[in-house]
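Data file: entry_10.cif. Format and content: mmCIF, C-alpha atoms.
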```
data_target
#
loop_
_atom_site.label_atom_id
_atom_site.label_comp_id
_atom_site.auth_asym_id
_atom_site.auth_seq_id
_atom_site.Cartn_x
_atom_site.Cartn_y
_atom_site.Cartn_z
CA MET T 19 9.70 -144.42 185.01
CA GLN T 20 6.60 -142.44 184.06
CA ASN T 21 6.51 -138.82 185.20
CA THR T 22 3.33 -138.29 187.21
CA THR T 23 4.03 -134.68 188.22
CA ARG T 24 0.94 -132.54 187.67
CA PRO T 25 1.30 -129.21 185.82
CA PRO T 26 0.82 -126.09 187.96
CA LEU T 27 -2.72 -124.76 188.37
CA SER T 28 -1.71 -121.55 186.62
CA LEU T 29 -0.88 -123.53 183.48
CA ILE T 30 -4.12 -125.49 183.68
CA PHE T 31 -6.08 -122.26 183.97
CA ALA T 32 -4.15 -120.69 181.06
CA LEU T 33 -4.91 -123.68 178.86
CA ALA T 34 -8.59 -123.44 179.79
CA ILE T 35 -8.59 -119.82 178.66
CA LEU T 36 -6.70 -120.54 175.42
CA ALA T 37 -8.73 -123.59 174.40
CA PRO T 38 -11.71 -121.61 173.07
CA GLN T 39 -9.33 -119.41 171.06
CA MET T 40 -7.79 -122.48 169.46
CA ALA T 41 -11.26 -123.76 168.63
CA ARG T 42 -11.94 -120.48 166.81
CA ALA T 43 -8.69 -120.55 164.80
CA GLY T 44 -10.36 -122.20 161.81
CA GLY T 45 -13.44 -119.97 161.77
CA ASP T 46 -16.78 -120.18 163.52
CA PRO T 47 -17.13 -122.38 166.61
CA ALA T 48 -18.96 -125.64 165.93
CA TRP T 49 -22.27 -124.45 167.41
CA LEU T 50 -22.36 -121.52 164.95
CA SER T 51 -20.89 -123.18 161.88
CA GLY T 52 -23.33 -123.39 158.97
CA LYS T 53 -26.09 -121.45 160.70
CA PRO T 54 -27.89 -118.94 158.43
CA ALA T 55 -28.46 -115.31 159.27
CA ASP T 56 -31.72 -113.97 160.69
CA VAL T 57 -33.00 -117.03 162.55
CA TRP T 58 -33.26 -117.84 166.23
CA PHE T 59 -31.54 -121.05 167.32
CA PRO T 60 -30.46 -122.54 170.68
CA ILE T 61 -26.87 -123.17 171.70
CA ASP T 62 -27.08 -126.73 173.01
CA LYS T 63 -26.07 -127.64 176.57
CA THR T 64 -25.77 -124.05 177.78
CA SER T 65 -28.69 -124.03 180.22
CA GLY T 66 -28.41 -123.36 183.95
CA ALA T 67 -26.61 -120.00 183.93
CA GLY T 68 -23.82 -121.62 185.93
CA GLY T 69 -26.09 -121.79 188.97
CA ALA T 70 -26.40 -117.99 189.18
CA PRO T 71 -29.92 -116.77 190.11
CA VAL T 72 -30.40 -114.51 187.08
CA ASP T 73 -34.17 -114.93 187.17
CA ASP T 74 -34.23 -112.65 190.22
CA PHE T 75 -34.43 -109.45 188.14
CA SER T 76 -30.77 -109.79 187.23
CA GLY T 77 -28.64 -109.52 184.13
CA MET T 78 -25.21 -110.21 182.71
CA THR T 79 -22.46 -108.35 180.93
CA VAL T 80 -20.23 -109.24 177.99
CA LYS T 81 -16.52 -108.98 177.34
CA GLU T 82 -16.88 -108.10 173.69
CA SER T 83 -13.29 -108.85 172.68
CA THR T 84 -13.64 -112.49 173.75
CA SER T 85 -17.40 -113.14 173.41
CA GLU T 86 -17.66 -114.06 177.08
CA LEU T 87 -20.83 -113.64 179.16
CA ILE T 88 -20.41 -112.91 182.87
CA ILE T 89 -22.94 -112.95 185.72
CA ALA T 90 -21.89 -111.49 189.08
CA ALA T 91 -23.67 -111.28 192.47
CA ALA T 92 -27.15 -111.78 191.02
CA GLY T 93 -30.19 -112.56 193.17
CA GLY T 94 -31.40 -110.36 195.98
CA HIS T 95 -34.73 -109.41 197.59
CA GLY T 96 -37.08 -112.40 197.92
CA GLY T 97 -35.03 -114.58 195.59
CA SER T 98 -31.49 -115.61 196.44
CA ASN T 99 -28.40 -114.57 198.38
CA ASP T 100 -26.00 -116.50 196.13
CA ASN T 101 -23.34 -113.98 195.09
CA ARG T 102 -21.24 -116.25 192.88
CA VAL T 103 -19.50 -115.11 189.67
CA VAL T 104 -19.83 -117.31 186.58
CA SER T 105 -19.02 -116.98 182.91
CA ILE T 106 -19.29 -118.77 179.57
CA ASP T 107 -17.01 -118.36 176.55
CA LEU T 108 -18.88 -118.55 173.27
CA ARG T 109 -15.71 -118.90 171.20
CA ALA T 110 -15.61 -122.54 172.28
CA ASP T 111 -17.00 -125.27 170.04
CA ALA T 112 -19.05 -126.55 173.00
CA PRO T 113 -19.48 -123.61 175.43
CA ALA T 114 -19.91 -124.42 179.11
CA TRP T 115 -20.47 -122.29 182.19
CA ILE T 116 -17.57 -122.04 184.64
CA LEU T 117 -17.41 -120.81 188.24
CA ARG T 118 -15.01 -117.85 188.54
CA HIS T 119 -15.69 -117.12 192.21
CA LYS T 120 -17.67 -119.19 194.68
CA PRO T 121 -20.41 -117.57 196.78
CA SER T 122 -19.80 -116.25 200.26
CA THR T 123 -20.17 -118.79 203.07
CA THR T 124 -21.86 -116.35 205.47
CA ARG T 125 -24.53 -114.08 204.02
CA PRO T 126 -26.28 -111.73 206.45
CA HIS T 127 -29.54 -109.96 205.70
CA ASP T 128 -29.60 -106.71 203.71
CA VAL T 129 -25.95 -105.69 203.62
CA ALA T 130 -23.81 -104.23 200.86
CA TYR T 131 -20.93 -106.57 201.76
CA ASN T 132 -20.80 -109.98 203.36
CA PRO T 133 -18.38 -110.67 206.27
CA ASP T 134 -15.75 -111.92 203.79
CA GLY T 135 -15.79 -108.48 202.13
CA LEU T 136 -17.49 -109.65 198.93
CA PRO T 137 -20.39 -107.72 197.42
CA ALA T 138 -23.73 -109.16 198.46
CA SER T 139 -26.42 -110.43 196.09
CA ARG T 140 -28.80 -107.88 194.61
CA HIS T 141 -31.20 -107.41 191.70
CA THR T 142 -28.56 -106.41 189.17
CA TYR T 143 -31.00 -105.32 186.42
CA GLN T 144 -28.68 -103.61 183.89
CA ALA T 145 -26.05 -102.55 186.43
CA THR T 146 -23.50 -105.30 185.65
CA LEU T 147 -21.11 -103.60 183.22
CA TYR T 148 -17.75 -104.48 181.66
CA VAL T 149 -15.00 -101.82 181.47
CA PRO T 150 -12.34 -102.81 178.90
CA SER T 151 -9.59 -100.47 180.14
CA LEU T 152 -9.77 -102.08 183.59
CA ASP T 153 -10.64 -105.59 182.37
CA ARG T 154 -13.20 -105.60 185.13
CA VAL T 155 -16.84 -106.37 185.59
CA MET T 156 -18.28 -103.41 187.48
CA LEU T 157 -21.36 -103.52 189.70
CA VAL T 158 -22.61 -99.94 189.64
CA GLY T 159 -25.13 -99.62 192.44
CA CYS T 160 -26.54 -102.16 194.87
CA ARG T 161 -30.31 -102.19 194.53
CA PHE T 162 -32.68 -104.54 196.40
CA THR T 163 -30.55 -106.78 198.58
CA TRP T 164 -31.66 -110.09 200.05
CA PRO T 165 -34.23 -110.40 201.55
CA GLY T 166 -35.60 -106.95 202.43
CA ALA T 167 -34.77 -104.95 199.27
CA HIS T 168 -32.37 -102.41 200.78
CA GLU T 169 -30.28 -100.13 198.55
CA PHE T 170 -26.67 -98.92 198.72
CA PRO T 171 -24.84 -96.54 196.32
CA LYS T 172 -21.79 -98.81 196.06
CA VAL T 173 -19.50 -99.47 193.09
CA ASP T 174 -17.50 -102.69 192.97
CA GLY T 175 -15.06 -104.27 190.54
CA PHE T 176 -14.26 -107.89 189.71
CA SER T 177 -10.97 -108.64 187.93
CA LEU T 178 -11.34 -111.10 185.06
CA LYS T 179 -7.57 -111.60 185.04
CA ASP T 180 -7.32 -112.71 188.66
CA ASN T 181 -10.92 -113.76 189.39
CA THR T 182 -10.92 -111.58 192.50
CA TRP T 183 -13.11 -108.78 193.82
CA ASP T 184 -11.49 -105.44 194.56
CA PRO T 185 -11.69 -104.46 198.24
CA ALA T 186 -14.81 -102.64 199.38
CA GLY T 187 -14.37 -98.88 198.99
CA THR T 188 -11.95 -99.10 196.07
CA TYR T 189 -14.32 -96.95 193.99
CA PRO T 190 -16.29 -93.86 195.07
CA ASP T 191 -19.99 -94.24 195.84
CA ILE T 192 -22.59 -93.08 193.34
CA PRO T 193 -23.57 -89.49 194.25
CA ARG T 194 -26.98 -88.95 195.78
CA GLY T 195 -29.73 -89.15 193.16
CA GLY T 196 -27.42 -90.79 190.63
CA GLY T 197 -29.36 -94.04 190.36
CA TYR T 198 -27.45 -97.10 189.14
CA GLY T 199 -25.42 -98.09 186.10
CA VAL T 200 -27.06 -98.93 182.79
CA VAL T 201 -24.51 -98.66 179.97
CA THR T 202 -20.79 -98.48 179.15
CA ASP T 203 -19.35 -96.14 176.53
CA ILE T 204 -17.39 -98.75 174.60
CA ALA T 205 -15.02 -96.10 173.20
CA THR T 206 -13.82 -94.84 176.60
CA GLY T 207 -15.04 -97.38 179.15
CA ASP T 208 -16.95 -94.68 180.99
CA VAL T 209 -20.08 -95.86 182.78
CA TRP T 210 -23.41 -93.99 182.74
CA THR T 211 -26.41 -94.25 185.03
CA GLN T 212 -30.04 -93.95 184.03
CA THR T 213 -30.05 -90.36 185.33
CA LEU T 214 -27.14 -89.60 182.93
CA LEU T 215 -24.50 -89.35 185.61
CA LYS T 216 -21.05 -90.41 184.33
CA TRP T 217 -18.31 -92.39 186.05
CA ASP T 218 -14.96 -91.75 184.36
CA ALA T 219 -13.07 -95.03 184.04
CA ALA T 220 -9.71 -93.25 183.77
CA THR T 221 -10.03 -90.99 186.83
CA GLY T 222 -12.64 -92.85 188.89
CA LYS T 223 -14.58 -89.61 189.36
CA TRP T 224 -18.28 -88.90 188.97
CA SER T 225 -19.67 -85.95 186.99
CA ARG T 226 -22.84 -84.71 185.31
CA PRO T 227 -21.79 -83.48 181.85
CA ILE T 228 -25.34 -83.53 180.47
CA THR T 229 -26.88 -80.54 182.19
CA LYS T 230 -29.94 -80.12 179.99
CA ALA T 231 -32.04 -83.27 180.08
CA SER T 232 -35.09 -84.22 178.03
CA PRO T 233 -38.28 -84.30 180.11
CA ALA T 234 -38.84 -87.87 178.87
CA GLY T 235 -37.22 -90.19 181.40
CA VAL T 236 -35.96 -93.71 180.70
CA ARG T 237 -35.07 -96.24 183.38
CA PHE T 238 -33.92 -99.10 181.13
CA PRO T 239 -32.80 -100.52 178.80
CA TRP T 240 -30.01 -98.31 177.45
CA ALA T 241 -27.42 -99.02 174.74
CA PHE T 242 -24.42 -97.26 173.23
CA ASP T 243 -24.58 -96.05 169.61
CA ALA T 244 -20.96 -96.37 168.47
CA LYS T 245 -21.51 -94.61 165.13
CA ARG T 246 -22.88 -91.43 166.70
CA SER T 247 -21.17 -91.69 170.09
CA GLN T 248 -24.43 -91.42 171.94
CA LEU T 249 -26.50 -93.22 174.53
CA PHE T 250 -29.98 -94.40 173.66
CA GLY T 251 -32.67 -95.45 176.12
CA LEU T 252 -36.15 -96.83 175.40
CA ASN T 253 -38.92 -98.11 177.64
CA TYR T 254 -42.67 -98.26 178.06
CA GLY T 255 -43.90 -96.45 181.16
CA ASP T 256 -40.94 -96.63 183.53
CA GLY T 257 -39.70 -99.95 182.14
CA GLN T 258 -41.00 -101.83 185.17
CA GLY T 259 -44.75 -101.85 184.51
CA TYR T 260 -45.47 -98.51 186.15
CA GLY T 261 -45.15 -94.85 185.17
CA GLY T 262 -48.14 -94.60 182.81
CA ALA T 263 -48.99 -95.88 179.35
CA ALA T 264 -46.44 -94.15 177.16
CA VAL T 265 -43.40 -94.93 175.05
CA SER T 266 -40.35 -93.00 176.25
CA ALA T 267 -37.12 -92.73 174.24
CA VAL T 268 -34.07 -90.54 174.81
CA ARG T 269 -30.76 -90.04 173.01
CA ALA T 270 -27.79 -88.37 174.65
CA PRO T 271 -24.54 -87.56 172.77
CA VAL T 272 -21.73 -88.36 175.22
CA LYS T 273 -19.71 -85.30 174.15
CA GLY T 274 -22.68 -82.95 174.42
CA SER T 275 -24.50 -81.30 177.27
CA GLU T 276 -28.09 -82.09 176.27
CA SER T 277 -30.28 -85.17 175.94
CA MET T 278 -33.18 -85.18 173.49
CA GLN T 279 -36.49 -86.97 173.25
CA VAL T 280 -36.92 -89.42 170.36
CA THR T 281 -40.27 -90.29 168.81
CA PHE T 282 -41.19 -92.96 166.28
CA LYS T 283 -43.08 -92.94 163.02
CA PRO T 284 -46.49 -94.62 163.35
CA GLY T 285 -46.75 -98.18 162.10
CA GLU T 286 -47.38 -101.82 162.89
CA ALA T 287 -44.33 -102.19 165.10
CA LEU T 288 -45.09 -99.17 167.28
CA THR T 289 -48.68 -100.38 167.70
CA GLN T 290 -47.46 -103.83 168.74
CA PHE T 291 -44.85 -102.33 171.07
CA THR T 292 -47.59 -100.41 172.86
CA LYS T 293 -49.70 -103.56 173.16
CA ASP T 294 -46.76 -105.51 174.56
CA ALA T 295 -46.11 -102.82 177.20
CA PRO T 296 -42.64 -104.36 177.73
CA THR T 297 -41.03 -104.54 181.16
CA TYR T 298 -37.43 -105.33 182.20
CA ALA T 299 -36.44 -105.52 178.53
CA GLY T 300 -33.02 -105.82 176.91
CA MET T 301 -31.49 -103.83 174.05
CA ASP T 302 -28.14 -103.49 172.28
CA TYR T 303 -26.65 -101.81 169.22
CA ASP T 304 -25.86 -103.70 166.00
CA PRO T 305 -22.95 -101.80 164.39
CA GLY T 306 -22.99 -103.93 161.25
CA ARG T 307 -26.46 -102.73 160.32
CA ASP T 308 -26.56 -99.47 162.30
CA ARG T 309 -29.61 -100.31 164.38
CA PHE T 310 -30.74 -101.24 167.85
CA LEU T 311 -32.48 -104.52 168.61
CA PHE T 312 -34.94 -104.46 171.51
CA TYR T 313 -36.22 -107.62 173.16
CA CYS T 314 -38.78 -108.30 175.88
CA GLY T 315 -40.11 -111.81 175.25
CA GLN T 316 -43.19 -111.38 177.42
CA GLY T 317 -46.91 -111.48 176.71
CA VAL T 318 -49.05 -113.26 174.10
CA GLY T 319 -46.81 -114.14 171.17
CA GLY T 320 -43.95 -112.16 172.64
CA ALA T 321 -41.41 -114.99 172.74
CA GLY T 322 -38.92 -114.36 169.95
CA ARG T 323 -40.39 -111.02 168.87
CA VAL T 324 -37.61 -108.51 168.26
CA TYR T 325 -38.07 -104.78 167.61
CA VAL T 326 -35.68 -103.04 165.22
CA ILE T 327 -34.95 -99.39 166.02
CA THR T 328 -33.28 -97.55 163.13
CA PRO T 329 -31.56 -94.34 164.28
CA ASN T 330 -30.69 -91.23 162.30
CA ASP T 331 -29.20 -87.85 163.12
CA GLY T 332 -32.59 -86.37 163.97
CA ASN T 333 -35.18 -87.12 166.64
CA VAL T 334 -37.85 -89.03 164.66
CA TRP T 335 -36.77 -92.63 164.13
CA ASP T 336 -38.16 -95.80 162.58
CA MET T 337 -39.36 -98.87 164.46
CA SER T 338 -40.03 -102.19 162.72
CA LEU T 339 -40.36 -105.88 163.53
CA TYR T 340 -37.43 -108.21 162.85
CA ALA T 341 -38.19 -110.40 159.82
CA PHE T 342 -36.96 -113.89 160.64
CA GLY T 343 -36.16 -116.43 157.97
CA PRO T 344 -37.44 -119.99 157.58
CA GLY T 345 -36.42 -122.48 160.23
CA SER T 346 -36.27 -119.95 163.05
CA SER T 347 -36.71 -121.57 166.48
CA PRO T 348 -37.79 -118.88 168.97
CA PRO T 349 -36.68 -118.97 172.61
CA PRO T 350 -39.07 -119.67 175.49
CA ALA T 351 -41.09 -116.78 176.88
CA ALA T 352 -39.45 -114.56 179.45
CA GLY T 353 -40.84 -114.52 182.97
CA GLY T 354 -42.15 -111.53 184.89
CA ALA T 355 -38.62 -110.60 186.00
CA GLY T 356 -37.76 -109.97 182.35
CA ILE T 357 -34.55 -110.00 180.34
CA ASN T 358 -32.74 -106.94 181.69
CA ASN T 359 -29.32 -106.88 179.94
CA ARG T 360 -29.31 -110.55 178.91
CA PHE T 361 -29.78 -109.70 175.19
CA ARG T 362 -26.40 -108.57 173.87
CA TYR T 363 -24.48 -108.12 170.64
CA LEU T 364 -21.21 -110.04 170.27
CA PRO T 365 -18.99 -108.40 167.63
CA GLY T 366 -16.64 -111.38 167.35
CA LEU T 367 -19.56 -113.64 166.41
CA LYS T 368 -21.60 -110.97 164.59
CA GLY T 369 -24.87 -111.67 166.28
CA PHE T 370 -27.06 -111.34 169.37
CA VAL T 371 -27.10 -113.77 172.26
CA LEU T 372 -30.07 -114.16 174.62
CA LEU T 373 -30.32 -115.71 178.06
CA ALA T 374 -34.11 -115.97 178.32
CA SER T 375 -34.00 -117.61 181.74
CA GLY T 376 -31.67 -119.51 184.01
CA LYS T 377 -33.37 -122.75 183.01
CA SER T 378 -33.12 -122.37 179.23
CA ASN T 379 -30.29 -122.74 176.77
CA LEU T 380 -28.73 -119.62 175.36
CA TYR T 381 -30.24 -118.53 172.05
CA PHE T 382 -28.53 -116.74 169.19
CA ILE T 383 -29.35 -114.67 166.10
CA ARG T 384 -26.61 -114.29 163.51
CA THR T 385 -27.21 -110.79 162.15
CA ALA T 386 -24.53 -110.83 159.43
CA THR T 387 -24.52 -113.20 156.46
CA PRO T 388 -21.87 -115.86 157.12
CA THR T 389 -18.84 -115.73 154.86
CA LYS T 390 -17.69 -118.85 153.08
CA PRO T 391 -14.16 -120.09 153.85
CA ALA T 392 -11.62 -119.41 151.13
CA THR T 393 -11.11 -122.32 148.74
CA ALA T 394 -7.55 -123.29 147.89
CA PRO T 395 -6.69 -123.22 144.15
CA ALA T 396 -6.65 -126.55 142.33
CA GLY T 397 -3.46 -128.53 142.78
CA GLN T 398 -2.64 -127.13 146.22
#
```
Any chance you could give the structure as structure tokens?
Amino acid sequence: MQNTTRPPLSLIFALAILAPQMARAGGDPAWLSGKPADVWFPIDKTSGAGGAPVDDFSGMTVKESTSELIIAAAGGHGGSNDNRVVSIDLRADAPAWILRHKPSTTRPHDVAYNPDGLPASRHTYQATLYVPSLDRVMLVGCRFTWPGAHEFPKVDGFSLKDNTWDPAGTYPDIPRGGGYGVVTDIATGDVWTQTLLKWDAATGKWSRPITKASPAGVRFPWAFDAKRSQLFGLNYGDGQGYGGAAVSAVRAPVKGSESMQVTFKPGEALTQFTKDAPTYAGMDYDPGRDRFLFYCGQGVGGAGRVYVITPNDGNVWDMSLYAFGPGSSPPPAAGGAGINNRFRYLPGLKGFVLLASGKSNLYFIRTATPTKPATAPAGQ
């Protein structure tokens, strides 16, 4: 007689997690195989953002060790109160969004937590951050809730192992004037805010180690320079379309006590950057080529335009435009709510992934020349 007993859900879930790894065992996943370096291309059938309202001034984070993208509690203000958690694993041959936690059933107006205890929707901007030592997605600050744009200095964690939110109050609030999270130190897991306040992932405590700050302020985006162990922030005006017509850039060594203003050598790219006046942009560090890539995707001709920021040990850096190869297929233009932190480097795939909008496919740039598989000697 045939055995019709179903395997336990835990086994089904484990197999779902392992399947992408098995797809990667022979090399690149199918969607990446054979793609040249330095061109934009879409990853087919990845549109929809898993139903998460990322177009409401919200972003994502990445689990770098597994090339997973995660969106948590996006929405807020006049957009959406859907606080679901979704993810997509780009190790798979055919990546697909999955629901990790369904949205709250009851969602009151302008609260930090819904009646079920789950964090409420908010504009996440760049404040969705992954902390490797905790294997958690951290929401660092609750800015602009639905629908009246209230703010709360809350810090919340979502376990990727169990797909559960930690109870409200597990982590200390952001101190007054601390702002909201913008970047994770990938070496330590510590989280930094745009005012250069640090949350220590090991102790859970807040501190302000950088006591002498550059007068140039940066709201977002920020990225972590792994080679120099420093934070780097760059925006035009205040990064949101206000704050004057000026380019602001700051670097901050995480083991130092001072942040410094960075300027750029004049050139075509800096002129174009000023014309673009980017808002709600995204940026990440490319360790393979020791550079930052900055993306906005707005304005006339802005779709697909990438700025290359080349750092050095001083305070005058180079800015250039990414030179794309033949056959590049740029993504659609970003909307007024921008990219935020939806332009990220994936070390396992050696390239940058972009979620231009919730309606579009993911797009990718391979930034390292693909290596050819080893050929077996004749007769084997």
Residue IDs satisfying the PyMOL selection byres ((chain T and resi 297) around 10), as a VMD selection string: chain T and resid 238 to 239 253 to 260 294 to 296 298 to 300 313 to 316 354 to 358
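The space between CA of Leu50 in chain T and CA of Arg109 in chain T spans 9.5 Å.
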For Asp153 in chain T, the nearest of the candidates T:Thr84, T:Ser347, T:Thr221, T:Ser98, counting all atoms listed in the file: T:Thr84
On this structure, the PyMOL selection byres ((chain T and resi 189) around 9) would catch which residues? List them as a ChimeraX atom specification, sorted by chain and number. /T:172-175,184,186-188,190-191,222-223
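If you look at CA of Ser139 in chain T and CA of Glu86 in chain T, they are 21.2 Å away from each other.
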Could you pull the residues within 10 Å of Pro193 in chain T, counting all atoms listed in the file, minus those fewer than 5 positions along the same chain, as an MDAnalysis selection string? chainID T and resid 171:172 198 215 224:225
How far is it from CA of Ala205 in chain T to CA of Ser83 in chain T, in Å with one decimal?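 CA of Ser83 in chain T lies at a distance of 12.9 Å from CA of Ala205 in chain T.
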I need the residue nearest Ser177 in chain T from this list: T:Val200, T:Ile383, T:Ile88, T:Leu311. Use all atoms listed in the file for the distance.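 Going through T:Val200, T:Ile383, T:Ile88, T:Leu311 one by one, the smallest distance to Ser177 in chain T is for T:Ile88.
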Give the centre and edge lengths of an axis-aligned box, in Å to one decimal, that holds all listed atoms of range 117-130 of chain T with 5 Å on each side, as AutoDock Vina command-line options.
```
--center_x -22.3 --center_y -112.5 --center_z 197.3 --size_x 24.6 --size_y 26.6 --size_z 28.2
```
Let me know the residues the PyMOL selection byres ((chain T and resi 48) around 8) catches in the file above, as a count of residues only. 8
In terms of the shortest atom-to-atom distance over all atoms listed in the file, which of T:Tyr325, T:Phe75, T:Phe312, T:Phe370 is closest to Ala145 in chain T? T:Phe75
Please identify all polymer residues within 12 Å of range 136-138 of chain T, counting all atoms listed in the file, omitting same-chain residues fewer than 4 positions from it, and present them as a ChimeraX atom specification. /T:90-95,98-103,119-132,142,156-165,167-170,172-176,182-187
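Using only C-alpha atoms, the shortest contact distance between Lys283 in chain T and any of T:Val334, T:Ala55, T:Ala267, T:Val318 is found at T:Val334.
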Given the point (-29.7, -115.1, 187.5) in the file's coordinates, find the residues that have an atom at most 9 Å from it, counting only C-alpha atoms, and give them as a count of residues only. 21
Judged by only C-alpha atoms, the minimum distance to Val236 in chain T among T:Ser65, T:Thr211, T:Thr289, T:Thr206 is found for T:Thr211
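Excluding Ile228 in chain T itself and any same-chain residue fewer than 5 positions from it, the protein and nucleic acid residues within 9 Å of it, counting all atoms listed in the file, are Leu214, Leu215, Lys216, Ala270, Pro271, Val272, Lys273, Gly274, Ser275, Glu276 and Ser277 of chain T.
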With all atoms listed in the file as the atoms that count, which of T:Pro54, T:Gly235, T:Gly199, T:Gly262 lies nearest to Asn359 in chain T? T:Gly199
As a list in words, please: the residues near Lys245 in chain T (cut-off 8 Å, only C-alpha atoms, same-chain neighbours under 2 positions excluded).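 Returned residues: Asp243, Ser247, Pro305 and Asp308 of chain T.
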Step by step: start from the point (-34.6, -119.3, 167.8) in the file's coordinates, keep every protein, DNA or RNA residue that has an atom no farther than 8 Å from it, count all atoms listed in the file, and write the set as a ChimeraX atom specification. /T:57-60,322,346-349,381-383
